[in-house]
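**Q** Next up, model_6.tsv (TSV, C-alpha atoms).
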```
chain	number	residue	atom	x	y	z
H	1	MET	CA	33.98	-10.15	-8.74
H	2	ILE	CA	32.86	-7.63	-6.15
H	3	GLU	CA	29.21	-8.07	-5.22
H	4	GLU	CA	27.38	-4.80	-4.72
H	5	VAL	CA	25.44	-4.67	-1.46
H	6	VAL	CA	22.35	-2.46	-1.38
H	7	THR	CA	21.37	-1.29	2.08
H	8	GLU	CA	18.00	0.21	2.82
H	9	LYS	CA	18.14	3.76	4.08
H	10	GLU	CA	16.68	4.26	7.54
H	11	LYS	CA	14.64	7.22	8.69
H	12	LEU	CA	16.11	9.32	11.50
H	13	VAL	CA	14.11	8.92	14.71
H	14	PRO	CA	13.52	11.95	16.97
H	15	LYS	CA	13.90	11.90	20.75
H	16	ASP	CA	11.52	13.39	23.26
H	17	GLY	CA	12.36	17.07	23.77
H	18	ASP	CA	14.46	17.45	20.60
H	19	LEU	CA	14.62	20.92	19.05
H	20	PHE	CA	14.01	21.34	15.30
H	21	ASP	CA	14.00	24.26	12.91
H	22	ILE	CA	10.77	23.04	11.31
H	23	ILE	CA	8.21	20.42	12.24
H	24	ILE	CA	5.94	19.36	9.40
H	25	ILE	CA	2.64	17.70	10.30
H	26	GLY	CA	1.52	15.37	7.53
H	27	ALA	CA	3.52	13.36	5.00
H	28	GLY	CA	1.41	13.70	1.89
H	29	PRO	CA	2.76	15.40	-1.24
H	30	ALA	CA	2.70	18.84	0.43
H	31	GLY	CA	4.43	17.66	3.60
H	32	MET	CA	7.08	15.59	1.84
H	33	THR	CA	7.84	18.42	-0.61
H	34	ALA	CA	8.19	20.89	2.26
H	35	ALA	CA	10.49	18.48	4.13
H	36	ILE	CA	12.75	17.96	1.10
H	37	CYS	CA	12.93	21.70	0.39
H	38	ALA	CA	13.71	22.55	4.03
H	39	ALA	CA	16.31	19.80	4.32
H	40	ARG	CA	18.03	21.04	1.16
H	41	SER	CA	18.35	24.40	2.93
H	42	ARG	CA	20.17	22.56	5.74
H	43	LEU	CA	17.38	23.07	8.24
H	44	LYS	CA	16.74	20.44	10.90
H	45	VAL	CA	13.41	18.90	9.93
H	46	LEU	CA	10.97	16.58	11.67
H	47	LEU	CA	8.13	15.08	9.61
H	48	ILE	CA	5.24	13.63	11.62
H	49	GLU	CA	2.58	11.44	10.01
H	50	LYS	CA	-0.09	9.38	11.80
H	51	THR	CA	-0.20	6.70	9.09
H	52	LEU	CA	2.14	5.97	6.17
H	53	PRO	CA	3.86	8.52	3.93
H	54	GLY	CA	1.90	9.46	0.84
H	55	GLY	CA	-1.39	10.65	2.29
H	56	GLU	CA	-4.35	10.28	-0.04
H	57	THR	CA	-1.97	9.84	-2.97
H	58	SER	CA	-1.18	6.33	-1.75
H	59	THR	CA	-4.89	5.46	-1.77
H	60	ALA	CA	-5.57	6.70	-5.31
H	61	TYR	CA	-5.96	4.06	-8.00
H	62	ARG	CA	-4.25	5.67	-10.98
H	63	ILE	CA	-3.18	9.31	-11.39
H	64	TYR	CA	-3.22	10.84	-14.87
H	65	ASN	CA	-2.74	14.56	-14.23
H	66	TYR	CA	0.69	14.63	-12.55
H	67	PRO	CA	3.49	15.83	-14.90
H	68	GLY	CA	6.03	13.26	-16.02
H	69	PHE	CA	3.65	10.31	-16.24
H	70	PRO	CA	1.77	10.63	-19.55
H	71	ASN	CA	0.33	7.12	-19.21
H	72	GLY	CA	-0.63	7.64	-15.59
H	73	ILE	CA	0.89	6.14	-12.46
H	74	LEU	CA	-0.58	4.14	-9.61
H	75	GLY	CA	-1.10	6.32	-6.56
H	76	ALA	CA	0.82	3.89	-4.35
H	77	ASP	CA	3.78	3.96	-6.76
H	78	LEU	CA	3.90	7.75	-6.86
H	79	ALA	CA	3.74	7.92	-3.06
H	80	LYS	CA	6.59	5.39	-2.82
H	81	GLN	CA	8.74	7.40	-5.24
H	82	MET	CA	8.14	10.53	-3.18
H	83	GLU	CA	9.08	8.66	0.00
H	84	ASP	CA	12.25	7.30	-1.64
H	85	HIS	CA	13.19	10.87	-2.61
H	86	LEU	CA	12.59	11.93	0.99
H	87	MET	CA	15.08	9.30	2.20
H	88	ASP	CA	17.91	11.03	0.33
H	89	TYR	CA	17.96	13.75	3.00
H	90	PRO	CA	18.62	13.75	6.77
H	91	ILE	CA	14.97	14.20	7.69
H	92	TYR	CA	13.65	12.98	11.05
H	93	TYR	CA	10.43	11.02	10.82
H	94	SER	CA	7.89	9.86	13.38
H	95	CYS	CA	4.61	7.95	13.06
H	96	GLU	CA	2.38	9.69	15.61
H	97	SER	CA	-0.69	11.89	15.88
H	98	ILE	CA	-0.59	15.51	17.02
H	99	TYR	CA	-3.02	16.54	19.72
H	100	ASP	CA	-1.68	20.00	20.58
H	101	ILE	CA	0.86	22.70	19.78
H	102	SER	CA	1.59	24.59	22.96
H	103	ASN	CA	3.15	28.05	22.96
H	104	ILE	CA	2.05	28.23	19.34
H	105	ALA	CA	2.35	32.01	19.19
H	106	GLN	CA	5.84	32.01	20.78
H	107	LYS	CA	9.16	31.81	18.94
H	108	GLU	CA	9.77	28.33	20.33
H	109	LYS	CA	6.73	26.09	19.92
H	110	THR	CA	6.10	22.64	21.40
H	111	VAL	CA	4.38	19.94	19.37
H	112	CYS	CA	2.75	17.32	21.59
H	113	THR	CA	1.85	13.84	20.33
H	114	ASN	CA	-0.55	11.06	21.30
H	115	LEU	CA	2.40	8.88	22.37
H	116	GLY	CA	3.32	11.33	25.11
H	117	TYR	CA	6.30	12.88	23.33
H	118	SER	CA	6.91	16.56	22.79
H	119	TYR	CA	9.21	18.21	20.25
H	120	LYS	CA	10.29	21.83	20.15
H	121	CYS	CA	10.58	23.89	16.99
H	122	LYS	CA	10.82	27.37	15.58
H	123	SER	CA	8.26	26.84	12.80
H	124	VAL	CA	5.40	24.48	12.03
H	125	ILE	CA	3.99	23.56	8.62
H	126	ILE	CA	0.53	22.00	8.84
H	127	ALA	CA	0.01	19.67	5.88
H	128	THR	CA	-2.42	17.16	7.33
H	129	GLY	CA	-4.56	16.83	4.21
H	130	LEU	CA	-8.20	15.84	4.54
H	131	GLU	CA	-10.16	12.85	5.81
H	132	PRO	CA	-13.25	11.13	4.39
H	133	LYS	CA	-16.68	12.52	5.17
H	134	GLU	CA	-19.01	10.07	6.85
H	135	LEU	CA	-22.67	9.55	6.09
H	136	ASP	CA	-23.21	9.83	9.86
H	137	THR	CA	-25.59	6.86	10.01
H	138	ASP	CA	-25.96	4.01	12.48
H	139	PHE	CA	-25.58	1.36	9.77
H	140	GLU	CA	-22.34	2.95	8.60
H	141	ARG	CA	-20.84	2.74	12.08
H	142	LYS	CA	-22.22	-0.76	12.67
H	143	PHE	CA	-20.67	-2.26	9.52
H	144	LEU	CA	-17.46	-0.23	9.35
H	145	GLY	CA	-14.70	-2.75	8.74
H	146	ARG	CA	-17.29	-5.43	8.00
H	147	GLY	CA	-18.10	-4.43	4.46
H	148	VAL	CA	-18.27	-0.64	4.81
H	149	SER	CA	-15.08	1.19	3.87
H	150	TYR	CA	-13.74	4.57	2.75
H	151	TYR	CA	-10.84	3.04	0.82
H	152	ALA	CA	-11.46	1.11	-2.41
H	153	GLN	CA	-8.00	-0.44	-2.56
H	154	GLY	CA	-8.12	-1.87	0.96
H	155	ASP	CA	-8.84	-5.61	1.14
H	156	TRP	CA	-9.89	-5.65	-2.51
H	157	GLU	CA	-9.33	-9.43	-2.62
H	158	LEU	CA	-12.43	-9.85	-0.43
H	159	TYR	CA	-14.63	-8.44	-3.18
H	160	GLN	CA	-13.18	-10.12	-6.24
H	161	GLY	CA	-16.02	-11.52	-8.32
H	162	LYS	CA	-18.69	-10.12	-5.96
H	163	GLU	CA	-21.27	-7.35	-6.11
H	164	VAL	CA	-20.19	-4.06	-4.56
H	165	ALA	CA	-21.53	-0.52	-4.27
H	166	VAL	CA	-19.93	2.94	-4.28
H	167	ILE	CA	-21.75	5.91	-2.74
H	168	GLY	CA	-20.99	9.28	-4.31
H	169	GLY	CA	-20.70	10.99	-7.67
H	170	GLY	CA	-17.54	13.11	-7.65
H	171	ASN	CA	-14.04	12.38	-8.93
H	172	CYS	CA	-13.05	10.15	-6.02
H	173	ALA	CA	-16.25	8.11	-6.22
H	174	CYS	CA	-15.89	7.62	-9.96
H	175	TYR	CA	-12.21	6.66	-9.69
H	176	ALA	CA	-13.18	4.11	-7.03
H	177	ALA	CA	-16.01	2.78	-9.21
H	178	GLU	CA	-13.70	2.42	-12.20
H	179	TYR	CA	-11.12	0.57	-10.11
H	180	LEU	CA	-13.60	-1.74	-8.35
H	181	ALA	CA	-15.49	-2.55	-11.55
H	182	ASP	CA	-12.38	-4.40	-12.79
H	183	ILE	CA	-12.47	-6.56	-9.66
H	184	ALA	CA	-16.14	-7.04	-8.85
H	185	SER	CA	-18.76	-9.01	-10.76
H	186	SER	CA	-20.93	-5.89	-10.89
H	187	LEU	CA	-21.05	-2.47	-9.25
H	188	TYR	CA	-23.78	-0.06	-8.18
H	189	LEU	CA	-22.88	3.63	-8.14
H	190	ILE	CA	-25.35	5.33	-5.80
H	191	HIS	CA	-25.66	9.08	-6.29
H	192	ARG	CA	-28.11	11.51	-4.73
H	193	SER	CA	-28.15	13.72	-7.85
H	194	ASP	CA	-29.17	13.15	-11.47
H	195	GLN	CA	-25.70	13.79	-12.89
H	196	LEU	CA	-22.11	12.94	-11.98
H	197	LYS	CA	-19.82	15.71	-10.74
H	198	ALA	CA	-16.60	14.09	-11.97
H	199	VAL	CA	-14.48	15.52	-14.80
H	200	LYS	CA	-15.72	14.77	-18.32
H	201	ASN	CA	-13.39	11.92	-19.34
H	202	LEU	CA	-13.96	10.14	-16.04
H	203	ARG	CA	-17.72	10.58	-16.31
H	204	GLU	CA	-17.65	9.02	-19.75
H	205	LYS	CA	-15.65	6.02	-18.56
H	206	VAL	CA	-18.12	5.34	-15.76
H	207	LEU	CA	-21.22	5.93	-17.88
H	208	ASN	CA	-19.95	3.57	-20.60
H	209	ASN	CA	-18.77	0.79	-18.29
H	210	PRO	CA	-21.18	-2.16	-18.73
H	211	LYS	CA	-20.42	-3.46	-15.22
H	212	ILE	CA	-21.54	-0.21	-13.54
H	213	THR	CA	-25.20	0.46	-12.79
H	214	ILE	CA	-25.88	4.04	-11.69
H	215	MET	CA	-28.71	4.60	-9.21
H	216	TRP	CA	-29.67	8.24	-9.81
H	217	ASP	CA	-31.37	10.47	-7.21
H	218	THR	CA	-30.83	7.74	-4.63
H	219	ILE	CA	-29.54	7.56	-1.06
H	220	PRO	CA	-28.72	4.61	1.22
H	221	VAL	CA	-31.02	4.21	4.21
H	222	ASP	CA	-30.05	0.88	5.75
H	223	ILE	CA	-27.73	-2.11	5.52
H	224	PHE	CA	-28.52	-5.71	6.40
H	225	GLY	CA	-26.09	-8.47	7.29
H	226	ILE	CA	-25.27	-11.00	9.98
H	227	ASP	CA	-21.50	-10.65	10.37
H	228	HIS	CA	-20.87	-8.74	7.15
H	229	VAL	CA	-22.70	-6.54	4.65
H	230	GLU	CA	-25.17	-8.58	2.59
H	231	LYS	CA	-27.83	-6.14	1.35
H	232	MET	CA	-28.38	-2.39	1.24
H	233	LYS	CA	-31.70	-0.56	1.31
H	234	LEU	CA	-31.97	2.47	-0.99
H	235	GLU	CA	-34.49	5.30	-1.26
H	236	HIS	CA	-35.26	7.36	-4.34
H	237	ILE	CA	-35.30	10.95	-3.11
H	238	VAL	CA	-38.08	11.98	-5.54
H	239	THR	CA	-40.49	9.02	-5.52
H	240	LYS	CA	-39.54	7.82	-1.99
H	241	GLN	CA	-39.60	4.28	-3.38
H	242	HIS	CA	-37.40	1.76	-1.55
H	243	THR	CA	-35.15	-0.78	-3.25
H	244	TRP	CA	-32.96	-3.54	-1.83
H	245	ILE	CA	-29.74	-4.47	-3.62
H	246	ASP	CA	-27.35	-7.36	-2.98
H	247	THR	CA	-23.85	-6.15	-2.17
H	248	LYS	CA	-20.91	-7.50	-0.21
H	249	GLY	CA	-19.03	-4.20	-0.02
H	250	VAL	CA	-20.04	-0.56	0.38
H	251	PHE	CA	-17.46	2.13	-0.35
H	252	ILE	CA	-18.29	5.66	0.79
H	253	TYR	CA	-16.97	8.61	-1.25
H	254	VAL	CA	-19.19	11.57	-0.38
H	255	GLY	CA	-16.43	14.14	0.03
H	256	ARG	CA	-13.56	15.04	2.31
H	257	LYS	CA	-13.26	17.31	5.32
H	258	PRO	CA	-10.47	18.89	7.39
H	259	PRO	CA	-9.29	16.75	10.32
H	260	GLN	CA	-11.13	17.86	13.43
H	261	ASP	CA	-8.03	17.97	15.63
H	262	ILE	CA	-6.59	21.05	13.86
H	263	ILE	CA	-9.63	23.14	14.76
H	264	ASN	CA	-8.32	23.38	18.32
H	265	LEU	CA	-5.23	25.24	17.14
H	266	GLU	CA	-5.10	29.03	17.23
H	267	VAL	CA	-5.05	29.47	13.46
H	268	ASP	CA	-7.79	31.17	11.48
H	269	ILE	CA	-10.07	28.81	9.57
H	270	ASP	CA	-12.90	29.41	7.11
H	271	GLU	CA	-16.51	28.35	7.61
H	272	GLU	CA	-15.74	24.81	6.43
H	273	GLY	CA	-12.72	24.33	8.68
H	274	PHE	CA	-9.93	24.91	6.13
H	275	ILE	CA	-6.89	26.90	7.28
H	276	ILE	CA	-6.65	30.43	5.92
H	277	THR	CA	-3.21	31.50	4.63
H	278	ASP	CA	-1.73	34.19	2.46
H	279	ASP	CA	0.03	33.46	-0.84
H	280	CYS	CA	3.22	32.65	1.09
H	281	MET	CA	1.39	29.91	3.06
H	282	ARG	CA	1.62	31.95	6.28
H	283	THR	CA	-1.27	31.66	8.74
H	284	ASN	CA	-2.29	34.39	11.18
H	285	VAL	CA	0.12	32.89	13.75
H	286	PRO	CA	3.81	33.83	13.28
H	287	GLY	CA	5.93	30.80	12.41
H	288	VAL	CA	2.92	28.63	11.49
H	289	TYR	CA	2.24	27.75	7.86
H	290	ALA	CA	-0.26	25.53	6.07
H	291	ALA	CA	0.12	23.65	2.80
H	292	GLY	CA	-1.87	21.28	0.64
H	293	ASP	CA	-5.52	20.30	0.83
H	294	ILE	CA	-5.94	21.59	4.39
H	295	ARG	CA	-5.62	25.16	3.05
H	296	SER	CA	-8.63	27.27	2.16
H	297	LYS	CA	-8.24	27.42	-1.62
H	298	GLN	CA	-9.94	26.70	-4.94
H	299	ILE	CA	-8.05	23.71	-6.39
H	300	ARG	CA	-6.95	20.61	-4.49
H	301	GLN	CA	-4.69	18.41	-6.60
H	302	ILE	CA	-1.32	16.72	-6.10
H	303	SER	CA	0.37	19.39	-8.21
H	304	THR	CA	-1.05	22.23	-6.13
H	305	ALA	CA	-0.12	20.42	-2.89
H	306	VAL	CA	3.49	20.06	-4.07
H	307	SER	CA	3.53	23.77	-4.95
H	308	ASP	CA	2.13	24.72	-1.53
H	309	GLY	CA	4.72	22.61	0.28
H	310	MET	CA	7.60	24.20	-1.62
H	311	ILE	CA	6.29	27.74	-1.03
H	312	ALA	CA	5.74	27.08	2.70
H	313	ALA	CA	9.28	25.74	3.21
H	314	ILE	CA	10.92	28.57	1.25
H	315	ASN	CA	9.06	31.25	3.19
H	316	ALA	CA	9.72	29.54	6.51
H	317	GLU	CA	13.44	29.75	5.74
H	318	LYS	CA	13.13	33.39	4.68
H	319	ASP	CA	11.31	34.20	7.91
H	320	PHE	CA	14.12	32.52	9.87
H	321	ASP	CA	16.63	34.91	8.27
H	322	ARG	CA	14.35	37.93	8.65
H	323	ASN	CA	13.78	37.25	12.34
H	324	GLY	CA	17.41	36.48	13.07
H	325	ASN	CA	16.96	32.77	13.88
```
In structure tokens, how does this file's structure come out?
**A**
Amino acid sequence: MIEEVVTEKEKLVPKDGDLFDIIIIGAGPAGMTAAICAARSRLKVLLIEKTLPGGETSTAYRIYNYPGFPNGILGADLAKQMEDHLMDYPIYYSCESIYDISNIAQKEKTVCTNLGYSYKCKSVIIATGLEPKELDTDFERKFLGRGVSYYAQGDWELYQGKEVAVIGGGNCACYAAEYLADIASSLYLIHRSDQLKAVKNLREKVLNNPKITIMWDTIPVDIFGIDHVEKMKLEHIVTKQHTWIDTKGVFIYVGRKPPQDIINLEVDIDEEGFIITDDCMRTNVPGVYAAGDIRSKQIRQISTAVSDGMIAAINAEKDFDRNGN
């Protein structure tokens, strides 16, 4: 009997100074889709991601609105399937942060990383996604990593059977509340408005969950703890009344913002810092494209990010041919 041996595919590793057809910054759904599309066109592709592949998809609890999964799929599982698909192609991959793109307006651009490496390319697709908005408070910075977090699925074992709080009232906050309510003994959802901004079915789940107490028209003003979060002080924005609640974990979901490092690039951005593109994902700089949540657009979902990534890669290839590359 011949025993089948399964070997794990390895990512191709770039070398300092290597030349690529396309460098893609960000390995979320938009970046991975662009990489797969470009690799299928036999372009030499480098995908750079500062964390793990998947982007915010890997941090989502369960995703119900992505085609092909009528019963939903865990965000981490969908991200892993996308990464596995990526591994079927000869795509170079590097875990680094980008701090500059020199000669960005030239035909040959240089992408510089925080590890001191530089890679040359003909085109760049920026698909960095977004990062969490902070409350910008002293107590948030003081207790970050000691009970304050922006990621509900991180270290969830620490909060099993304990009281926790989620700050926010949009889709992400409600998804986090729904997920954490299954783990915690009880959960406070702290929202500065008098109604949730999440989609209807998600709102109903949160409103009808007996383990979730919603603190309407309320903001956090302080946190107390010795080595870890123990209590949080709240203020009602109408009555100005203060309330202390017991909580061992505080999860902040008050929105997302473009990464600040892309603002230094020579691409046009809107008033909120999102990159402006045309329908072909082209920016104002020749050979530079943007895809996914970092774009200035109306809808930010996994499906639209995948679409953006595909469109960016296809038009990058067309521009190669048009410009004689």
**Q** Which residues of region 108-135 of chain H have any atom within 12 Å of an atom in region 45-49 of chain H when counting all atoms listed in the file, and what is the closest pair of atoms for each, with the distance in Å to one decimal? Order the rows by chain and rising number and write it as JSON lines.
**A**
```
{"residue": "H:Val111", "atom": "CA", "partner": "H:Ile48", "partner_atom": "CA", "distance": 10.0}
{"residue": "H:Cys112", "atom": "CA", "partner": "H:Ile48", "partner_atom": "CA", "distance": 10.9}
{"residue": "H:Thr113", "atom": "CA", "partner": "H:Ile48", "partner_atom": "CA", "distance": 9.3}
{"residue": "H:Asn114", "atom": "CA", "partner": "H:Ile48", "partner_atom": "CA", "distance": 11.6}
{"residue": "H:Tyr117", "atom": "CA", "partner": "H:Ile48", "partner_atom": "CA", "distance": 11.8}
{"residue": "H:Ser118", "atom": "CA", "partner": "H:Ile48", "partner_atom": "CA", "distance": 11.7}
{"residue": "H:Tyr119", "atom": "CA", "partner": "H:Leu46", "partner_atom": "CA", "distance": 8.9}
{"residue": "H:Lys120", "atom": "CA", "partner": "H:Leu46", "partner_atom": "CA", "distance": 10.0}
{"residue": "H:Cys121", "atom": "CA", "partner": "H:Leu46", "partner_atom": "CA", "distance": 9.0}
{"residue": "H:Lys122", "atom": "CA", "partner": "H:Val45", "partner_atom": "CA", "distance": 10.5}
{"residue": "H:Ser123", "atom": "CA", "partner": "H:Val45", "partner_atom": "CA", "distance": 9.9}
{"residue": "H:Val124", "atom": "CA", "partner": "H:Leu46", "partner_atom": "CA", "distance": 9.7}
{"residue": "H:Ile125", "atom": "CA", "partner": "H:Leu47", "partner_atom": "CA", "distance": 9.5}
{"residue": "H:Ile126", "atom": "CA", "partner": "H:Ile48", "partner_atom": "CA", "distance": 10.0}
{"residue": "H:Ala127", "atom": "CA", "partner": "H:Glu49", "partner_atom": "CA", "distance": 9.6}
{"residue": "H:Thr128", "atom": "CA", "partner": "H:Glu49", "partner_atom": "CA", "distance": 8.1}
{"residue": "H:Gly129", "atom": "CA", "partner": "H:Glu49", "partner_atom": "CA", "distance": 10.7}
```
**Q** Quick one: contact table of region 122-171 of chain H to region 215-237 of chain H, 6 Å max, nearest atom pair and distance in Å to one decimal per residue, counting all atoms listed in the file, chain and number order, as JSON lines?
**A**
```
{"residue": "H:Phe139", "atom": "CA", "partner": "H:Ile223", "partner_atom": "CA", "distance": 5.9}
{"residue": "H:Arg146", "atom": "CA", "partner": "H:His228", "partner_atom": "CA", "distance": 4.9}
{"residue": "H:Gly147", "atom": "CA", "partner": "H:Val229", "partner_atom": "CA", "distance": 5.1}
```
**Q** Quick one: which region 163-267 of chain H residues come within 9 Å of region 294-316 of chain H, and what is the nearest atom pair for each with the distance in Å to one decimal, counting all atoms listed in the file, rows ordered by chain and ascending number, as CSV?
**A**
```
residue,atom,partner,partner_atom,distance
H:Lys257,CA,H:Ile294,CA,8.5
H:Pro258,CA,H:Ile294,CA,6.1
H:Pro259,CA,H:Ile294,CA,8.4
```
**Q** Take the residues just selected and output them with C-alpha atoms as a CSV table (one decimal), in the frame of the given file.
**A**
```
chain,number,residue,atom,x,y,z
H,257,LYS,CA,-13.3,17.3,5.3
H,258,PRO,CA,-10.5,18.9,7.4
H,259,PRO,CA,-9.3,16.8,10.3
```
**Q** Tell me which residues come within 9 Å of (-1.1, 8.3, 1.8), as a compact mmCIF listing (two decimals) with C-alpha atoms, in the frame of the given file, counting all atoms listed in the file in the file's coordinates.
**A**
```txt
# COMPACT_ATOMS: atom_id res chain seq x y z
CA ALA H 27 3.52 13.36 5.00
CA GLY H 28 1.41 13.70 1.89
CA PRO H 29 2.76 15.40 -1.24
CA THR H 51 -0.20 6.70 9.09
CA LEU H 52 2.14 5.97 6.17
CA PRO H 53 3.86 8.52 3.93
CA GLY H 54 1.90 9.46 0.84
CA GLY H 55 -1.39 10.65 2.29
CA GLU H 56 -4.35 10.28 -0.04
CA THR H 57 -1.97 9.84 -2.97
CA SER H 58 -1.18 6.33 -1.75
CA THR H 59 -4.89 5.46 -1.77
CA ALA H 60 -5.57 6.70 -5.31
CA GLY H 75 -1.10 6.32 -6.56
CA ALA H 76 0.82 3.89 -4.35
CA ALA H 79 3.74 7.92 -3.06
```
**Q** Between region 72-149 of chain H and region 282-286 of chain H, at 9 Å or less, what are the per-residue closest atom pairs and their distances in Å? Count all atoms listed in the file, order by chain and rising residue number, and return it as a Markdown table.
**A**
```
| residue | atom | partner | partner_atom | distance |
| --- | --- | --- | --- | --- |
| H:Ile104 | CA | H:Val285 | CA | 7.5 |
| H:Ala105 | CA | H:Val285 | CA | 5.9 |
| H:Gln106 | CA | H:Pro286 | CA | 8.0 |
| H:Lys107 | CA | H:Pro286 | CA | 8.0 |
| H:Ser123 | CA | H:Pro286 | CA | 8.3 |
```
**Q** Mind checking which residues fall within 8 Å of Leu196 (chain H), counting all atoms listed in the file, ignoring those fewer than 6 positions away in the same chain, and posting them as a list of chain:residue names?
**A**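 With the cut-off at 8 Å, the set is H:Gly169, H:Gly170, H:Arg203.
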**Q** Let's have the selection written as an mmCIF file, keeping the file's coordinate frame, with C-alpha atoms.
**A**
```cif
data_model
loop_
_atom_site.group_PDB
_atom_site.id
_atom_site.type_symbol
_atom_site.label_atom_id
_atom_site.label_comp_id
_atom_site.auth_asym_id
_atom_site.auth_seq_id
_atom_site.Cartn_x
_atom_site.Cartn_y
_atom_site.Cartn_z
ATOM 1 C CA GLY H 169 -20.700 10.990 -7.670
ATOM 2 C CA GLY H 170 -17.540 13.110 -7.650
ATOM 3 C CA ARG H 203 -17.720 10.580 -16.310
#
```
**Q** With distances taken over only C-alpha atoms, which of H:Asp319, H:Asp246, H:Asp138, H:Glu108 is nearest to Leu187 (chain H)?
**A** H:Asp246
**Q** Please identify all polymer residues within 9 Å of Glu317 (chain H), counting only C-alpha atoms, omitting same-chain residues fewer than 5 positions from it, and present them as a list of chain:residue names.
**A** H:Ala38, H:Ser41, H:Leu43, H:Ala312, H:Arg322
**Q** Tell me, in Å to one decimal, how far CA of Glu157 (chain H) is from CA of Lys248 (chain H).
**A** 12.0 Å
